[in-house]
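Okay, my_file_19.txt is below, compact mmCIF, N, CA, C and O atoms and all ligand atoms:
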```
# COMPACT_ATOMS: atom_id res chain seq x y z
N MET A 492 16.19 25.67 16.10
CA MET A 492 16.13 24.59 17.11
C MET A 492 14.82 24.72 17.89
O MET A 492 14.56 25.76 18.48
N PRO A 493 14.00 23.69 17.88
CA PRO A 493 12.75 23.79 18.65
C PRO A 493 13.03 23.85 20.15
O PRO A 493 13.96 23.21 20.64
N LYS A 494 12.23 24.64 20.85
CA LYS A 494 12.42 24.79 22.29
C LYS A 494 11.87 23.59 23.04
O LYS A 494 10.73 23.20 22.84
N LYS A 495 12.72 23.00 23.86
CA LYS A 495 12.27 21.87 24.68
C LYS A 495 12.24 22.33 26.12
O LYS A 495 13.20 22.88 26.62
N LYS A 496 11.13 22.11 26.79
CA LYS A 496 11.01 22.52 28.20
C LYS A 496 11.67 21.51 29.12
O LYS A 496 12.26 21.86 30.12
N GLY A 497 11.51 20.25 28.79
CA GLY A 497 12.09 19.21 29.63
C GLY A 497 12.58 18.06 28.78
O GLY A 497 12.21 17.93 27.63
N MET A 498 13.45 17.26 29.37
CA MET A 498 14.00 16.12 28.65
C MET A 498 14.09 14.99 29.66
O MET A 498 14.47 15.21 30.81
N GLU A 499 13.70 13.79 29.23
CA GLU A 499 13.74 12.68 30.17
C GLU A 499 15.18 12.27 30.44
O GLU A 499 15.97 12.05 29.54
N CYS A 500 15.52 12.23 31.71
CA CYS A 500 16.87 11.88 32.15
C CYS A 500 17.01 10.35 32.20
O CYS A 500 16.01 9.64 32.25
N VAL A 501 18.24 9.87 32.21
CA VAL A 501 18.48 8.42 32.31
C VAL A 501 17.88 7.83 33.58
O VAL A 501 17.53 6.66 33.63
N CYS A 502 17.73 8.68 34.62
CA CYS A 502 17.19 8.20 35.89
C CYS A 502 15.65 8.17 35.89
O CYS A 502 15.03 7.70 36.84
N GLY A 503 15.04 8.71 34.82
CA GLY A 503 13.58 8.69 34.72
C GLY A 503 12.93 10.02 35.08
O GLY A 503 11.79 10.26 34.72
N GLU A 504 13.68 10.89 35.74
CA GLU A 504 13.18 12.21 36.10
C GLU A 504 13.19 13.11 34.85
O GLU A 504 13.85 12.80 33.87
N ILE A 505 12.45 14.23 34.89
CA ILE A 505 12.48 15.17 33.77
C ILE A 505 13.54 16.24 34.07
O ILE A 505 13.48 16.94 35.09
N ALA A 506 14.54 16.32 33.20
CA ALA A 506 15.60 17.33 33.34
C ALA A 506 15.05 18.66 32.84
O ALA A 506 14.41 18.72 31.80
N LYS A 507 15.27 19.72 33.60
CA LYS A 507 14.74 21.04 33.26
C LYS A 507 15.71 21.84 32.40
O LYS A 507 16.93 21.75 32.56
N GLU A 508 15.11 22.67 31.52
CA GLU A 508 15.89 23.53 30.63
C GLU A 508 16.76 24.47 31.46
O GLU A 508 16.31 25.05 32.44
N SER A 509 18.00 24.61 31.03
CA SER A 509 18.95 25.44 31.77
C SER A 509 19.99 26.01 30.80
O SER A 509 19.83 25.90 29.59
N HIS A 510 20.98 26.63 31.34
CA HIS A 510 22.11 27.11 30.54
C HIS A 510 23.39 26.80 31.28
O HIS A 510 23.40 26.75 32.51
N THR A 511 24.44 26.59 30.54
CA THR A 511 25.72 26.40 31.17
C THR A 511 26.77 27.13 30.34
O THR A 511 26.47 27.62 29.25
N ASN A 512 27.96 27.23 30.86
CA ASN A 512 29.02 27.97 30.19
C ASN A 512 30.15 27.01 29.79
O ASN A 512 30.68 26.31 30.64
N ILE A 513 30.46 26.97 28.51
CA ILE A 513 31.58 26.15 28.04
C ILE A 513 32.54 27.06 27.29
O ILE A 513 32.17 27.69 26.30
N GLU A 514 33.76 27.14 27.79
CA GLU A 514 34.81 27.97 27.17
C GLU A 514 34.34 29.40 26.89
O GLU A 514 34.69 29.98 25.87
N GLY A 515 33.55 29.95 27.80
CA GLY A 515 33.10 31.33 27.65
C GLY A 515 31.84 31.50 26.82
O GLY A 515 31.36 32.62 26.65
N TYR A 516 31.30 30.41 26.29
CA TYR A 516 30.08 30.48 25.50
C TYR A 516 28.90 29.97 26.32
O TYR A 516 29.01 28.96 27.02
N LYS A 517 27.77 30.68 26.20
CA LYS A 517 26.54 30.26 26.87
C LYS A 517 25.88 29.20 26.00
O LYS A 517 25.60 29.44 24.83
N VAL A 518 25.68 28.02 26.55
CA VAL A 518 25.05 26.94 25.79
C VAL A 518 23.80 26.44 26.51
O VAL A 518 23.72 26.47 27.73
N ARG A 519 22.82 26.00 25.70
CA ARG A 519 21.58 25.46 26.27
C ARG A 519 21.85 24.07 26.83
O ARG A 519 22.63 23.30 26.27
N SER A 520 21.22 23.78 27.94
CA SER A 520 21.38 22.47 28.54
C SER A 520 20.12 22.08 29.29
O SER A 520 19.19 22.87 29.43
N TRP A 521 20.08 20.85 29.74
CA TRP A 521 18.99 20.35 30.58
C TRP A 521 19.64 19.72 31.79
O TRP A 521 20.54 18.88 31.66
N LYS A 522 19.22 20.15 32.98
CA LYS A 522 19.80 19.64 34.21
C LYS A 522 18.77 18.83 34.98
O LYS A 522 17.62 19.24 35.13
N CYS A 523 19.22 17.69 35.51
CA CYS A 523 18.36 16.84 36.32
C CYS A 523 18.65 17.12 37.79
O CYS A 523 19.78 17.00 38.24
N LYS A 524 17.59 17.52 38.52
CA LYS A 524 17.77 17.84 39.94
C LYS A 524 17.95 16.58 40.77
O LYS A 524 18.58 16.60 41.83
N LYS A 525 17.40 15.46 40.28
CA LYS A 525 17.45 14.22 41.05
C LYS A 525 18.86 13.61 41.08
O LYS A 525 19.40 13.34 42.13
N CYS A 526 19.46 13.42 39.89
CA CYS A 526 20.76 12.73 39.85
C CYS A 526 21.92 13.65 39.47
O CYS A 526 23.08 13.26 39.54
N GLY A 527 21.61 14.89 39.05
CA GLY A 527 22.69 15.84 38.74
C GLY A 527 23.21 15.76 37.31
O GLY A 527 24.09 16.51 36.92
N GLU A 528 22.66 14.85 36.52
CA GLU A 528 23.09 14.70 35.12
C GLU A 528 22.76 15.98 34.35
O GLU A 528 21.75 16.62 34.61
N GLU A 529 23.64 16.33 33.42
CA GLU A 529 23.39 17.51 32.59
C GLU A 529 23.55 17.14 31.12
O GLU A 529 24.50 16.46 30.75
N TYR A 530 22.59 17.58 30.31
CA TYR A 530 22.62 17.30 28.87
C TYR A 530 22.83 18.61 28.14
O TYR A 530 22.11 19.57 28.35
N ILE A 531 23.83 18.63 27.27
CA ILE A 531 24.17 19.83 26.51
C ILE A 531 23.50 19.75 25.14
O ILE A 531 23.53 18.70 24.50
N ASP A 532 22.92 20.85 24.68
CA ASP A 532 22.31 20.91 23.36
C ASP A 532 23.38 20.58 22.31
O ASP A 532 24.46 21.17 22.30
N SER A 533 23.10 19.62 21.43
CA SER A 533 24.12 19.13 20.49
C SER A 533 24.57 20.20 19.49
O SER A 533 25.75 20.29 19.17
N SER A 534 23.64 21.04 19.00
CA SER A 534 24.08 22.06 18.03
C SER A 534 24.90 23.15 18.72
O SER A 534 25.84 23.69 18.13
N ASP A 535 24.56 23.46 19.99
CA ASP A 535 25.37 24.43 20.74
C ASP A 535 26.77 23.86 21.01
O ASP A 535 27.77 24.57 20.93
N ALA A 536 26.84 22.57 21.32
CA ALA A 536 28.12 21.92 21.59
C ALA A 536 28.99 21.92 20.33
O ALA A 536 30.19 22.20 20.39
N GLU A 537 28.36 21.66 19.18
CA GLU A 537 29.06 21.68 17.90
C GLU A 537 29.62 23.07 17.62
O GLU A 537 30.75 23.22 17.16
N PHE A 538 28.81 24.10 17.93
CA PHE A 538 29.23 25.48 17.72
C PHE A 538 30.46 25.79 18.59
O PHE A 538 31.45 26.35 18.11
N VAL A 539 30.42 25.40 19.86
CA VAL A 539 31.53 25.69 20.78
C VAL A 539 32.81 25.01 20.31
O VAL A 539 33.89 25.61 20.34
N LEU A 540 32.68 23.77 19.82
CA LEU A 540 33.86 23.06 19.32
C LEU A 540 34.50 23.79 18.15
O LEU A 540 35.72 23.99 18.12
N LEU A 541 33.67 24.24 17.19
CA LEU A 541 34.20 24.93 16.02
C LEU A 541 34.72 26.32 16.39
O LEU A 541 35.78 26.73 15.92
N ALA A 542 34.01 27.01 17.29
CA ALA A 542 34.46 28.34 17.73
C ALA A 542 35.81 28.24 18.43
O ALA A 542 36.71 29.04 18.18
N SER A 543 35.95 27.23 19.28
CA SER A 543 37.19 27.02 20.01
C SER A 543 38.34 26.69 19.04
O SER A 543 39.44 27.22 19.16
N LYS A 544 38.03 25.84 18.05
CA LYS A 544 39.02 25.45 17.04
C LYS A 544 39.49 26.67 16.24
O LYS A 544 40.68 26.85 16.01
N THR A 545 38.54 27.55 15.85
CA THR A 545 38.92 28.70 15.04
C THR A 545 39.62 29.78 15.87
O THR A 545 40.36 30.59 15.32
N ARG A 546 39.37 29.79 17.19
CA ARG A 546 40.10 30.76 18.04
C ARG A 546 41.57 30.35 18.15
O ARG A 546 42.45 31.20 18.17
N LYS A 547 41.79 29.03 18.22
CA LYS A 547 43.18 28.53 18.32
C LYS A 547 43.87 28.57 16.96
O LYS A 547 45.03 28.93 16.86
N ASN A 548 43.15 28.15 15.92
CA ASN A 548 43.69 28.12 14.56
C ASN A 548 42.68 28.76 13.61
O ASN A 548 41.86 28.08 13.01
N PRO A 549 42.76 30.10 13.46
CA PRO A 549 41.81 30.77 12.57
C PRO A 549 41.87 30.19 11.16
O PRO A 549 42.94 29.81 10.68
N ILE A 550 40.72 30.11 10.52
CA ILE A 550 40.63 29.62 9.15
C ILE A 550 41.15 30.73 8.24
O ILE A 550 40.75 31.88 8.36
N LYS A 551 42.07 30.37 7.35
CA LYS A 551 42.63 31.37 6.44
C LYS A 551 41.80 31.44 5.17
O LYS A 551 41.42 30.42 4.61
N ALA A 552 41.52 32.66 4.74
CA ALA A 552 40.78 32.87 3.49
C ALA A 552 41.49 33.99 2.73
O ALA A 552 41.88 34.99 3.31
N ARG A 553 41.67 33.78 1.44
CA ARG A 553 42.35 34.79 0.63
C ARG A 553 41.32 35.81 0.10
O ARG A 553 40.22 35.44 -0.26
N VAL A 554 41.73 37.07 0.12
CA VAL A 554 40.85 38.13 -0.37
C VAL A 554 40.81 38.07 -1.90
O VAL A 554 41.85 37.97 -2.54
N GLY A 555 39.62 38.10 -2.44
CA GLY A 555 39.44 38.10 -3.88
C GLY A 555 38.82 39.41 -4.33
O GLY A 555 38.48 40.27 -3.51
N VAL A 556 38.66 39.58 -5.62
CA VAL A 556 38.03 40.78 -6.17
C VAL A 556 36.90 40.34 -7.09
O VAL A 556 37.06 39.42 -7.89
N LEU A 557 35.76 40.98 -6.93
CA LEU A 557 34.61 40.71 -7.78
C LEU A 557 34.06 42.06 -8.21
O LEU A 557 33.44 42.77 -7.41
N GLY A 558 34.35 42.44 -9.45
CA GLY A 558 33.95 43.77 -9.92
C GLY A 558 34.68 44.84 -9.12
O GLY A 558 35.90 44.84 -9.07
N GLU A 559 33.91 45.70 -8.47
CA GLU A 559 34.48 46.78 -7.67
C GLU A 559 34.64 46.39 -6.20
O GLU A 559 35.11 47.17 -5.39
N SER A 560 34.20 45.18 -5.85
CA SER A 560 34.20 44.76 -4.44
C SER A 560 35.30 43.77 -4.13
O SER A 560 35.77 43.03 -5.00
N TYR A 561 35.66 43.74 -2.86
CA TYR A 561 36.60 42.74 -2.38
C TYR A 561 35.78 41.65 -1.70
O TYR A 561 34.83 41.96 -0.99
N ILE A 562 36.15 40.42 -1.93
CA ILE A 562 35.35 39.32 -1.36
C ILE A 562 36.20 38.36 -0.54
O ILE A 562 37.37 38.14 -0.82
N ILE A 563 35.58 37.83 0.49
CA ILE A 563 36.18 36.76 1.29
C ILE A 563 35.11 35.69 1.42
O ILE A 563 33.97 35.97 1.79
N ARG A 564 35.46 34.47 1.09
CA ARG A 564 34.48 33.37 1.15
C ARG A 564 34.38 32.85 2.59
O ARG A 564 35.38 32.72 3.28
N ILE A 565 33.15 32.54 2.98
CA ILE A 565 32.90 31.95 4.29
C ILE A 565 32.91 30.44 4.11
O ILE A 565 32.12 29.91 3.31
N PRO A 566 33.79 29.72 4.84
CA PRO A 566 33.83 28.27 4.69
C PRO A 566 32.47 27.63 4.99
O PRO A 566 31.74 28.10 5.86
N LYS A 567 32.17 26.56 4.27
CA LYS A 567 30.88 25.88 4.37
C LYS A 567 30.57 25.43 5.81
O LYS A 567 29.44 25.57 6.27
N GLU A 568 31.59 24.91 6.52
CA GLU A 568 31.34 24.42 7.88
C GLU A 568 30.89 25.54 8.82
O GLU A 568 30.09 25.33 9.71
N ILE A 569 31.40 26.76 8.58
CA ILE A 569 30.98 27.91 9.39
C ILE A 569 29.58 28.36 8.97
O ILE A 569 28.73 28.61 9.81
N ALA A 570 29.35 28.44 7.67
CA ALA A 570 28.04 28.85 7.17
C ALA A 570 26.95 27.92 7.68
O ALA A 570 25.88 28.37 8.11
N GLU A 571 27.23 26.62 7.68
CA GLU A 571 26.22 25.65 8.11
C GLU A 571 25.93 25.76 9.60
O GLU A 571 24.77 25.79 10.01
N ILE A 572 26.97 25.85 10.41
CA ILE A 572 26.76 25.88 11.85
C ILE A 572 26.11 27.19 12.30
O ILE A 572 25.39 27.24 13.29
N MET A 573 26.32 28.25 11.52
CA MET A 573 25.73 29.54 11.88
C MET A 573 24.44 29.82 11.11
O MET A 573 23.88 30.91 11.22
N HIS A 574 23.99 28.85 10.34
CA HIS A 574 22.75 28.96 9.55
C HIS A 574 22.77 30.18 8.64
O HIS A 574 21.78 30.90 8.50
N ILE A 575 23.94 30.42 8.05
CA ILE A 575 24.06 31.53 7.09
C ILE A 575 23.50 31.04 5.76
O ILE A 575 23.83 29.95 5.31
N ALA A 576 22.62 31.83 5.18
CA ALA A 576 22.02 31.44 3.91
C ALA A 576 21.96 32.63 2.98
O ALA A 576 22.03 33.79 3.42
N LYS A 577 21.84 32.35 1.69
CA LYS A 577 21.75 33.38 0.67
C LYS A 577 20.58 34.31 1.01
O LYS A 577 19.49 33.84 1.34
N GLY A 578 20.83 35.62 0.94
CA GLY A 578 19.76 36.59 1.20
C GLY A 578 19.76 37.13 2.61
O GLY A 578 19.11 38.14 2.88
N LYS A 579 20.46 36.47 3.53
CA LYS A 579 20.50 36.99 4.90
C LYS A 579 21.32 38.27 4.93
O LYS A 579 22.21 38.47 4.10
N VAL A 580 21.03 39.12 5.91
CA VAL A 580 21.73 40.39 6.01
C VAL A 580 22.91 40.26 6.97
O VAL A 580 22.78 39.69 8.05
N ALA A 581 24.07 40.75 6.53
CA ALA A 581 25.26 40.75 7.37
C ALA A 581 25.65 42.20 7.65
O ALA A 581 25.59 43.05 6.76
N LYS A 582 26.01 42.47 8.91
CA LYS A 582 26.46 43.81 9.28
C LYS A 582 27.98 43.78 9.42
O LYS A 582 28.52 42.88 10.07
N ILE A 583 28.64 44.73 8.81
CA ILE A 583 30.10 44.77 8.81
C ILE A 583 30.56 45.93 9.68
O ILE A 583 30.15 47.07 9.48
N THR A 584 31.40 45.63 10.66
CA THR A 584 31.92 46.64 11.58
C THR A 584 33.45 46.59 11.54
O THR A 584 34.03 45.51 11.55
N LEU A 585 34.08 47.76 11.51
CA LEU A 585 35.54 47.80 11.64
C LEU A 585 35.85 47.69 13.12
O LEU A 585 35.54 48.59 13.89
N ALA A 586 36.43 46.57 13.51
CA ALA A 586 36.65 46.30 14.93
C ALA A 586 38.06 46.69 15.38
O ALA A 586 38.32 46.81 16.57
N GLY A 587 38.95 46.90 14.46
CA GLY A 587 40.32 47.27 14.78
C GLY A 587 41.08 47.48 13.49
O GLY A 587 40.53 47.24 12.42
N PRO A 588 42.33 47.92 13.58
CA PRO A 588 43.11 48.21 12.36
C PRO A 588 43.20 47.00 11.41
O PRO A 588 43.30 47.16 10.20
N ASN A 589 43.15 45.78 11.96
CA ASN A 589 43.24 44.57 11.13
C ASN A 589 42.06 43.62 11.34
O ASN A 589 42.14 42.45 10.99
N ASP A 590 41.00 44.13 11.95
CA ASP A 590 39.88 43.25 12.29
C ASP A 590 38.56 43.77 11.73
O ASP A 590 38.20 44.92 11.94
N ILE A 591 37.86 42.89 11.07
CA ILE A 591 36.51 43.18 10.58
C ILE A 591 35.56 42.23 11.29
O ILE A 591 35.79 41.01 11.27
N LEU A 592 34.52 42.78 11.90
CA LEU A 592 33.52 41.95 12.57
C LEU A 592 32.31 41.85 11.64
O LEU A 592 31.74 42.87 11.23
N ILE A 593 31.91 40.64 11.32
CA ILE A 593 30.74 40.41 10.47
C ILE A 593 29.67 39.72 11.30
O ILE A 593 29.89 38.64 11.82
N THR A 594 28.54 40.38 11.46
CA THR A 594 27.44 39.83 12.23
C THR A 594 26.31 39.49 11.27
O THR A 594 25.82 40.36 10.55
N VAL A 595 25.93 38.22 11.25
CA VAL A 595 24.87 37.78 10.35
C VAL A 595 23.58 37.61 11.13
O VAL A 595 23.58 37.01 12.21
N GLU A 596 22.50 38.17 10.59
CA GLU A 596 21.21 38.07 11.28
C GLU A 596 20.81 36.60 11.45
O GLU A 596 21.10 35.78 10.59
N SER A 597 20.15 36.31 12.55
CA SER A 597 19.76 34.91 12.80
C SER A 597 18.36 34.64 12.26
O SER A 597 17.67 35.54 11.86
ZN ZN B 601 18.49 12.24 36.44
```
Write the structure described by the file as structure tokens, please.
Ligand SMILES: [Zn+2]
Amino acid sequence: MPKKKGMECVCGEIAKESHTNIEGYKVRSWKCKKCGEEYIDSSDAEFVLLASKTRKNPIKARVGVLGESYIIRIPKEIAEIMHIAKGKVAKITLAGPNDILITVES
């Protein structure tokens, strides 16, 4: 996402780059000091919607086997929103007896 320093507000003023919190997630936004309007970054908003949806209803994936390894497929909608691509490095952490945390480099 290209960095934008300012964005023209509906009132004509330049809204300044800021951050806000939606459902516990830090999202990029632009706030207008003149009229108080706030614009949320659309890709961040999309991420929060999907993250919130998966927290309420986790996506189920069946464990498969490929040679000597166990595999779990990452749904396309998650891969796309997180910019996961072939060749990226993922770090796997055992987060609990039934939890695996997978962190993909950005
Ligand atoms: Zn404004």
Could you list, with a cut-off of 5 Å and counting all atoms listed in the file, the residues of chain A near ligand ZN 601 (chain B), each shown with its nearest atom pair and the distance in Å rounded to one decimal, rows sorted by chain and ascending number, as a Markdown table?
```
| residue | atom | partner | partner_atom | distance |
| --- | --- | --- | --- | --- |
| A:Cys500 | CA | B:ZN601 | ZN | 4.6 |
| A:Val501 | N | B:ZN601 | ZN | 4.9 |
| A:Cys502 | N | B:ZN601 | ZN | 4.1 |
| A:Cys523 | CA | B:ZN601 | ZN | 4.6 |
| A:Lys525 | C | B:ZN601 | ZN | 4.9 |
| A:Cys526 | N | B:ZN601 | ZN | 3.8 |
| A:Gly527 | N | B:ZN601 | ZN | 4.9 |
| A:Glu528 | N | B:ZN601 | ZN | 4.9 |
```
From the options A:Ala506, A:Met498, A:Ile531, A:Ile583, which residue's atoms come nearest to A:Val595, counting all atoms listed in the file?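 The closest residue to A:Val595 is A:Ile583.
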So how many Å separate atom C of A:Glu559 and atom CA of A:Ile591, to one decimal?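 That distance, rounded to one decimal, is 17.2 Å.
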Name all residues at most 7 Å from stretch 508-518 of chain A (count all atoms listed in the file; drop same-chain ones fewer than 2 positions away) and give them as an mmCIF file with N, CA, C and O atoms, in the coordinates of the input.
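Contents of part.cif, as written:
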```cif
data_model
loop_
_atom_site.group_PDB
_atom_site.id
_atom_site.type_symbol
_atom_site.label_atom_id
_atom_site.label_comp_id
_atom_site.auth_asym_id
_atom_site.auth_seq_id
_atom_site.Cartn_x
_atom_site.Cartn_y
_atom_site.Cartn_z
ATOM 1 N N LYS A 495 12.720 23.000 23.860
ATOM 2 C CA LYS A 495 12.270 21.870 24.680
ATOM 3 C C LYS A 495 12.240 22.330 26.120
ATOM 4 O O LYS A 495 13.200 22.880 26.620
ATOM 5 N N LYS A 496 11.130 22.110 26.790
ATOM 6 C CA LYS A 496 11.010 22.520 28.200
ATOM 7 C C LYS A 496 11.670 21.510 29.120
ATOM 8 O O LYS A 496 12.260 21.860 30.120
ATOM 9 N N GLY A 497 11.510 20.250 28.790
ATOM 10 C CA GLY A 497 12.090 19.210 29.630
ATOM 11 C C GLY A 497 12.580 18.060 28.780
ATOM 12 O O GLY A 497 12.210 17.930 27.630
ATOM 13 N N MET A 498 13.450 17.260 29.370
ATOM 14 C CA MET A 498 14.000 16.120 28.650
ATOM 15 C C MET A 498 14.090 14.990 29.660
ATOM 16 O O MET A 498 14.470 15.210 30.810
ATOM 17 N N ILE A 505 12.450 14.230 34.890
ATOM 18 C CA ILE A 505 12.480 15.170 33.770
ATOM 19 C C ILE A 505 13.540 16.240 34.070
ATOM 20 O O ILE A 505 13.480 16.940 35.090
ATOM 21 N N ALA A 506 14.540 16.320 33.200
ATOM 22 C CA ALA A 506 15.600 17.330 33.340
ATOM 23 C C ALA A 506 15.050 18.660 32.840
ATOM 24 O O ALA A 506 14.410 18.720 31.800
ATOM 25 N N SER A 520 21.220 23.780 27.940
ATOM 26 C CA SER A 520 21.380 22.470 28.540
ATOM 27 C C SER A 520 20.120 22.080 29.290
ATOM 28 O O SER A 520 19.190 22.870 29.430
ATOM 29 N N TRP A 521 20.080 20.850 29.740
ATOM 30 C CA TRP A 521 18.990 20.350 30.580
ATOM 31 C C TRP A 521 19.640 19.720 31.790
ATOM 32 O O TRP A 521 20.540 18.880 31.660
ATOM 33 N N LYS A 522 19.220 20.150 32.980
ATOM 34 C CA LYS A 522 19.800 19.640 34.210
ATOM 35 C C LYS A 522 18.770 18.830 34.980
ATOM 36 O O LYS A 522 17.620 19.240 35.130
ATOM 37 N N TYR A 530 22.590 17.580 30.310
ATOM 38 C CA TYR A 530 22.620 17.300 28.870
ATOM 39 C C TYR A 530 22.830 18.610 28.140
ATOM 40 O O TYR A 530 22.110 19.570 28.350
ATOM 41 N N ILE A 531 23.830 18.630 27.270
ATOM 42 C CA ILE A 531 24.170 19.830 26.510
ATOM 43 C C ILE A 531 23.500 19.750 25.140
ATOM 44 O O ILE A 531 23.530 18.700 24.500
ATOM 45 N N ASP A 532 22.920 20.850 24.680
ATOM 46 C CA ASP A 532 22.310 20.910 23.360
ATOM 47 C C ASP A 532 23.380 20.580 22.310
ATOM 48 O O ASP A 532 24.460 21.170 22.300
ATOM 49 N N ASP A 535 24.560 23.460 19.990
ATOM 50 C CA ASP A 535 25.370 24.430 20.740
ATOM 51 C C ASP A 535 26.770 23.860 21.010
ATOM 52 O O ASP A 535 27.770 24.570 20.930
ATOM 53 N N ALA A 536 26.840 22.570 21.320
ATOM 54 C CA ALA A 536 28.120 21.920 21.590
ATOM 55 C C ALA A 536 28.990 21.920 20.330
ATOM 56 O O ALA A 536 30.190 22.200 20.390
ATOM 57 N N VAL A 539 30.420 25.400 19.860
ATOM 58 C CA VAL A 539 31.530 25.690 20.780
ATOM 59 C C VAL A 539 32.810 25.010 20.310
ATOM 60 O O VAL A 539 33.890 25.610 20.340
#
```
Which residue gives the smallest distance to A:His574 among A:Ser533, A:Glu596, A:Tyr561, A:Asp590, with only N, CA, C and O atoms counted? A:Glu596
Per-residue DSSP, chain A, filtered to strand (DSSP E), as a PyMOL selection string: chain A and resi 497-499+505-513+516-522+529-531+555-557+560-562+581-587+590-595
Pairwise distance for atom N of A:Ser543 and atom CA of A:Ile569, rounded to one decimal in Å: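 That distance, rounded to one decimal, is 11.1 Å.
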Can you tell me how far atom O of A:Ser560 sits from atom CA of A:Ile575, in Å to one decimal?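 Separation between atom O of A:Ser560 and atom CA of A:Ile575: 20.4 Å.
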Backbone DSSP call of alpha helix (DSSP H) for chain A, listed as a PyMOL selection string: chain A and resi 533-547+567-572
Near A:Lys551, counting only C-alpha atoms, which residues have an atom at most 12 Å away, once you skip same-chain residues fewer than 2 positions from it, shown as a PyMOL selection string? chain A and resi 545-546+548-549+553-554+563-566
Export N, CA, C and O atoms of the chosen residues as an mmCIF file, keeping the file's coordinate frame?
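Written out: again-v2.cif:
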```cif
data_model
loop_
_atom_site.group_PDB
_atom_site.id
_atom_site.type_symbol
_atom_site.label_atom_id
_atom_site.label_comp_id
_atom_site.auth_asym_id
_atom_site.auth_seq_id
_atom_site.Cartn_x
_atom_site.Cartn_y
_atom_site.Cartn_z
ATOM 1 N N THR A 545 38.540 27.550 15.850
ATOM 2 C CA THR A 545 38.920 28.700 15.040
ATOM 3 C C THR A 545 39.620 29.780 15.870
ATOM 4 O O THR A 545 40.360 30.590 15.320
ATOM 5 N N ARG A 546 39.370 29.790 17.190
ATOM 6 C CA ARG A 546 40.100 30.760 18.040
ATOM 7 C C ARG A 546 41.570 30.350 18.150
ATOM 8 O O ARG A 546 42.450 31.200 18.170
ATOM 9 N N ASN A 548 43.150 28.150 15.920
ATOM 10 C CA ASN A 548 43.690 28.120 14.560
ATOM 11 C C ASN A 548 42.680 28.760 13.610
ATOM 12 O O ASN A 548 41.860 28.080 13.010
ATOM 13 N N PRO A 549 42.760 30.100 13.460
ATOM 14 C CA PRO A 549 41.810 30.770 12.570
ATOM 15 C C PRO A 549 41.870 30.190 11.160
ATOM 16 O O PRO A 549 42.940 29.810 10.680
ATOM 17 N N ARG A 553 41.670 33.780 1.440
ATOM 18 C CA ARG A 553 42.350 34.790 0.630
ATOM 19 C C ARG A 553 41.320 35.810 0.100
ATOM 20 O O ARG A 553 40.220 35.440 -0.260
ATOM 21 N N VAL A 554 41.730 37.070 0.120
ATOM 22 C CA VAL A 554 40.850 38.130 -0.370
ATOM 23 C C VAL A 554 40.810 38.070 -1.900
ATOM 24 O O VAL A 554 41.850 37.970 -2.540
ATOM 25 N N ILE A 563 35.580 37.830 0.490
ATOM 26 C CA ILE A 563 36.180 36.760 1.290
ATOM 27 C C ILE A 563 35.110 35.690 1.420
ATOM 28 O O ILE A 563 33.970 35.970 1.790
ATOM 29 N N ARG A 564 35.460 34.470 1.090
ATOM 30 C CA ARG A 564 34.480 33.370 1.150
ATOM 31 C C ARG A 564 34.380 32.850 2.590
ATOM 32 O O ARG A 564 35.380 32.720 3.280
ATOM 33 N N ILE A 565 33.150 32.540 2.980
ATOM 34 C CA ILE A 565 32.900 31.950 4.290
ATOM 35 C C ILE A 565 32.910 30.440 4.110
ATOM 36 O O ILE A 565 32.120 29.910 3.310
ATOM 37 N N PRO A 566 33.790 29.720 4.840
ATOM 38 C CA PRO A 566 33.830 28.270 4.690
ATOM 39 C C PRO A 566 32.470 27.630 4.990
ATOM 40 O O PRO A 566 31.740 28.100 5.860
#
```
I'd like to know which of A:Lys579, A:Ile562, A:Met573, A:Lys567 is closest to A:Ile550, using only C-alpha atoms.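 Closest to A:Ile550 of all the choices is A:Lys567.
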Would you mind telling me which residue in A:Lys524, A:Gly503, A:Pro588, A:Glu537 lies nearest to A:Ile572 when using only C-alpha atoms?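 Going through A:Lys524, A:Gly503, A:Pro588, A:Glu537 one by one, the smallest distance to A:Ile572 is for A:Glu537.
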